[in-house]
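K.L.:
Just dropping this structure here.
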Amino acid sequence: MNEITKQIEARFLELGVKVETSEIDTKLDQLINKFKVPPEEARRNVVNYFLKKHNIPKSDFFTARETAQVKASDIKEDGKWITLRCKVVQLWDANHESLSQAGLLGDESGTIAFKKWSKANLPQVEEGKSYLFKNVVTSLWQERFSVSLNKTSEIIPIAENIEVGTTITEFSGAIVDVQSGSGLIKRCPECNRALIKGACGEHGKVEGKYDLRIKAVLDDGEKVQDILMNREITEAFTGITLDKAKEMATEALDQGVVLDVMKNMLVGRYYVVAGKKLDRFILVDSIKPDVKPIEEDITRILAATSMPFAVEA
């Protein structure tokens, strides 16, 4: 709701009209929380109310505008309309019906998360392909920037392979959770998105193709870090191949048995991971046991149990 408020406020400011944040919040809160109106429908209702109130034609509000093209690393302001030239680095599972796609965009300077609203009726994008994303709006949530694509945005395919700048990050800690969506999964053969209950958010019920992955959380005692391991890393790390995972699932008549085995194998153990930092995830390139916490525990135990002794003359 906070993001919708900022988008509405920013667009009216572009048209020379100052709409009070509290007034937008009040109307959105009533529609979304009291009357259970879907967020995008609530947004439309609130926009129409203020258009009528300030005598602004809808065509003026929704007319596509030319915005400055910037780099992903230049995004440092909330509620700003921009244009990006980016590659689709990764598509995530869209976790709400109001979203048609979500994921990560990248250019030479770095990466930025994106959301594409279903009501925008924009074309679907594909992982690994490059596009010009015109007239998208920035937003800030929990100290992370992202961009949203709505009905005023444009997606234009471009014939180039944009090199994405990334930062290699190392993190050590205990695995405290192996999340759902790990283990043996199925992906859509069309867009490669992970299926949820046998269905793709874009292509509906499909005959999925099997894959392996691990989505886990590391904790170093001060902060946590989400990590993501692809099939190659997962097989090498756990010793469970894709064929073995399918065999386990067939024998147990339950695909979830692979996730259970991985949880028992990994949770509570210390590891050091290294890989590219993309938004909240580290895409793991290497992972190895971290022996330092174990050595420290042994040292503490020996220190606690050691007794002074006397040497006879």
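We name chains A, B, ... following the order of the structure tokens; residues begin at 1 in each chain, and ligands are numbered from 1 as shown.
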For segment 41-58 of chain A, please output as number ranges by chain all residues within 10 Å (counting only C-alpha atoms; exclusion window: fewer than 6 positions along the same chain).
P.N.:
A: 1, 4-5, 7-9, 11-12, 15, 17, 19, 23-25, 27-32, 35, 98, 119
K.L.:
Give one line per residue of segment 110-208 of chain A that approaches segment 257-266 of chain A to at most 8 Å, naming the two atoms of the closest pair and their distance in Å to one decimal, counting only C-alpha atoms; sort by chain then ascending residue number and deliver it as a tab-separated table.
P.N.:
residue	atom	partner	partner_atom	distance
A:Ile175	CA	A:Leu266	CA	6.5
A:Asp177	CA	A:Lys263	CA	7.5
A:Val178	CA	A:Lys263	CA	5.8
A:Ser180	CA	A:Leu259	CA	7.8
A:Ser182	CA	A:Leu259	CA	6.1
A:Gly183	CA	A:Leu259	CA	4.6
A:Leu184	CA	A:Val258	CA	6.2
K.L.:
Could you tell me how far atom CA of Val206 of chain A lies from atom CA of Arg193 of chain A, in Å and to one decimal?
P.N.:
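Going from atom CA of Val206 of chain A over to atom CA of Arg193 of chain A, I get 11.3 Å.
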K.L.:
What residues in segment 20-239 of chain A get the DSSP label alpha helix (DSSP H)? Please answer as a PyMOL selection string.
P.N.:
chain A and resi 21-29+39-53+58-62+231-238
K.L.:
So how many Å separate atom CA of Ala216 of chain A and atom CA of Lys186 of chain A, to one decimal?
P.N.:
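These two atoms are separated by 18.1 Å.
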K.L.:
Pick from A:Ile287, A:Val176, A:Leu132, A:Ala102: nearest to Ser148 of chain A, with only C-alpha atoms counted?
P.N.:
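So, comparing all the options, the nearest one is A:Ala102.
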K.L.:
Compare A:Phe171, A:Trp117, A:Phe133, A:Phe145 by their minimum atom-to-atom distance to Val88 of chain A, counting only C-alpha atoms, and give me the closest one.
P.N.:
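Closest to Val88 of chain A of all the choices is A:Phe133.
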K.L.:
What is the distance, in Å and to one decimal place, between atom CA of Ser109 of chain A and atom CA of Cys86 of chain A?
P.N.:
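Computing it gives 10.1 Å between the two atoms.
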K.L.:
Determine, counting only C-alpha atoms, which protein, DNA and RNA residues have an atom within 10 Å of an atom of Asp220 of chain A; residues of the same chain fewer than 4 positions away are not included. Present the result as a ChimeraX atom specification.
P.N.:
/A:171-176,224-225,270-271
K.L.:
Please dump the current selection as a PDB file, in the first residue's frame; keep N, CA and C atoms.
P.N.:
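Result saved to out-v2.pdb:
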ATOM      1  N   PHE A 171      30.248 -15.431   2.452  1.00  0.00           N
ATOM      2  CA  PHE A 171      29.481 -15.381   3.701  1.00  0.00           C
ATOM      3  C   PHE A 171      29.638 -16.714   4.406  1.00  0.00           C
ATOM      4  N   SER A 172      29.802 -16.676   5.723  1.00  0.00           N
ATOM      5  CA  SER A 172      29.924 -17.904   6.509  1.00  0.00           C
ATOM      6  C   SER A 172      28.911 -17.896   7.640  1.00  0.00           C
ATOM      7  N   GLY A 173      28.376 -19.064   7.952  1.00  0.00           N
ATOM      8  CA  GLY A 173      27.403 -19.183   9.024  1.00  0.00           C
ATOM      9  C   GLY A 173      26.765 -20.554   9.025  1.00  0.00           C
ATOM     10  N   ALA A 174      25.807 -20.733   9.905  1.00  0.00           N
ATOM     11  CA  ALA A 174      25.090 -22.005   9.997  1.00  0.00           C
ATOM     12  C   ALA A 174      23.837 -21.948   9.132  1.00  0.00           C
ATOM     13  N   ILE A 175      23.552 -23.037   8.430  1.00  0.00           N
ATOM     14  CA  ILE A 175      22.296 -23.117   7.697  1.00  0.00           C
ATOM     15  C   ILE A 175      21.175 -23.337   8.712  1.00  0.00           C
ATOM     16  N   VAL A 176      20.275 -22.378   8.793  1.00  0.00           N
ATOM     17  CA  VAL A 176      19.187 -22.462   9.774  1.00  0.00           C
ATOM     18  C   VAL A 176      17.861 -22.860   9.135  1.00  0.00           C
ATOM     19  N   VAL A 224      21.436 -12.604   8.714  1.00  0.00           N
ATOM     20  CA  VAL A 224      21.126 -13.782   7.915  1.00  0.00           C
ATOM     21  C   VAL A 224      21.322 -13.460   6.441  1.00  0.00           C
ATOM     22  N   GLN A 225      21.552 -14.505   5.653  1.00  0.00           N
ATOM     23  CA  GLN A 225      21.780 -14.341   4.223  1.00  0.00           C
ATOM     24  C   GLN A 225      21.080 -15.453   3.456  1.00  0.00           C
ATOM     25  N   TYR A 270      27.724 -25.657   9.707  1.00  0.00           N
ATOM     26  CA  TYR A 270      28.374 -24.398   9.314  1.00  0.00           C
ATOM     27  C   TYR A 270      29.038 -24.529   7.943  1.00  0.00           C
ATOM     28  N   TYR A 271      28.865 -23.472   7.139  1.00  0.00           N
ATOM     29  CA  TYR A 271      29.435 -23.476   5.791  1.00  0.00           C
ATOM     30  C   TYR A 271      29.950 -22.088   5.432  1.00  0.00           C
TER      31      TYR A 271
END
K.L.:
Looking at A:Ser146, A:Ser73, A:Ser153, A:Ser286, which one is nearest to Thr234 of chain A, with distances taken over only C-alpha atoms?
P.N.:
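Smallest distance to Thr234 of chain A is found for A:Ser286.
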K.L.:
Set the distance at 7 Å and use only C-alpha atoms: which residues neighbour segment 135-142 of chain A once local chain neighbours fewer than 6 positions away are removed? I'd like the list as a PyMOL selection string.
P.N.:
chain A and resi 3+65-67+78-83+148-149+152-154
K.L.:
As JSON, numbers by chain, list the residues of segment 2-247 of chain A assigned to strand (DSSP E) by DSSP on the backbone atoms of this structure.
P.N.:
{"A": [69, 70, 81, 82, 83, 84, 85, 86, 87, 88, 89, 90, 91, 92, 99, 100, 101, 102, 103, 104, 105, 106, 107, 110, 111, 112, 113, 114, 115, 116, 117, 130, 131, 132, 133, 134, 135, 136, 137, 138, 139, 140, 141, 144, 145, 146, 147, 148, 149, 154, 155, 156, 157, 168, 169, 170, 171, 172, 173, 174, 175, 176, 177, 178, 183, 184, 185, 186, 187, 199, 200, 204, 205, 209, 210, 211, 212, 213, 214, 215, 216, 217, 218, 219, 224, 225, 226, 227, 228, 229]}
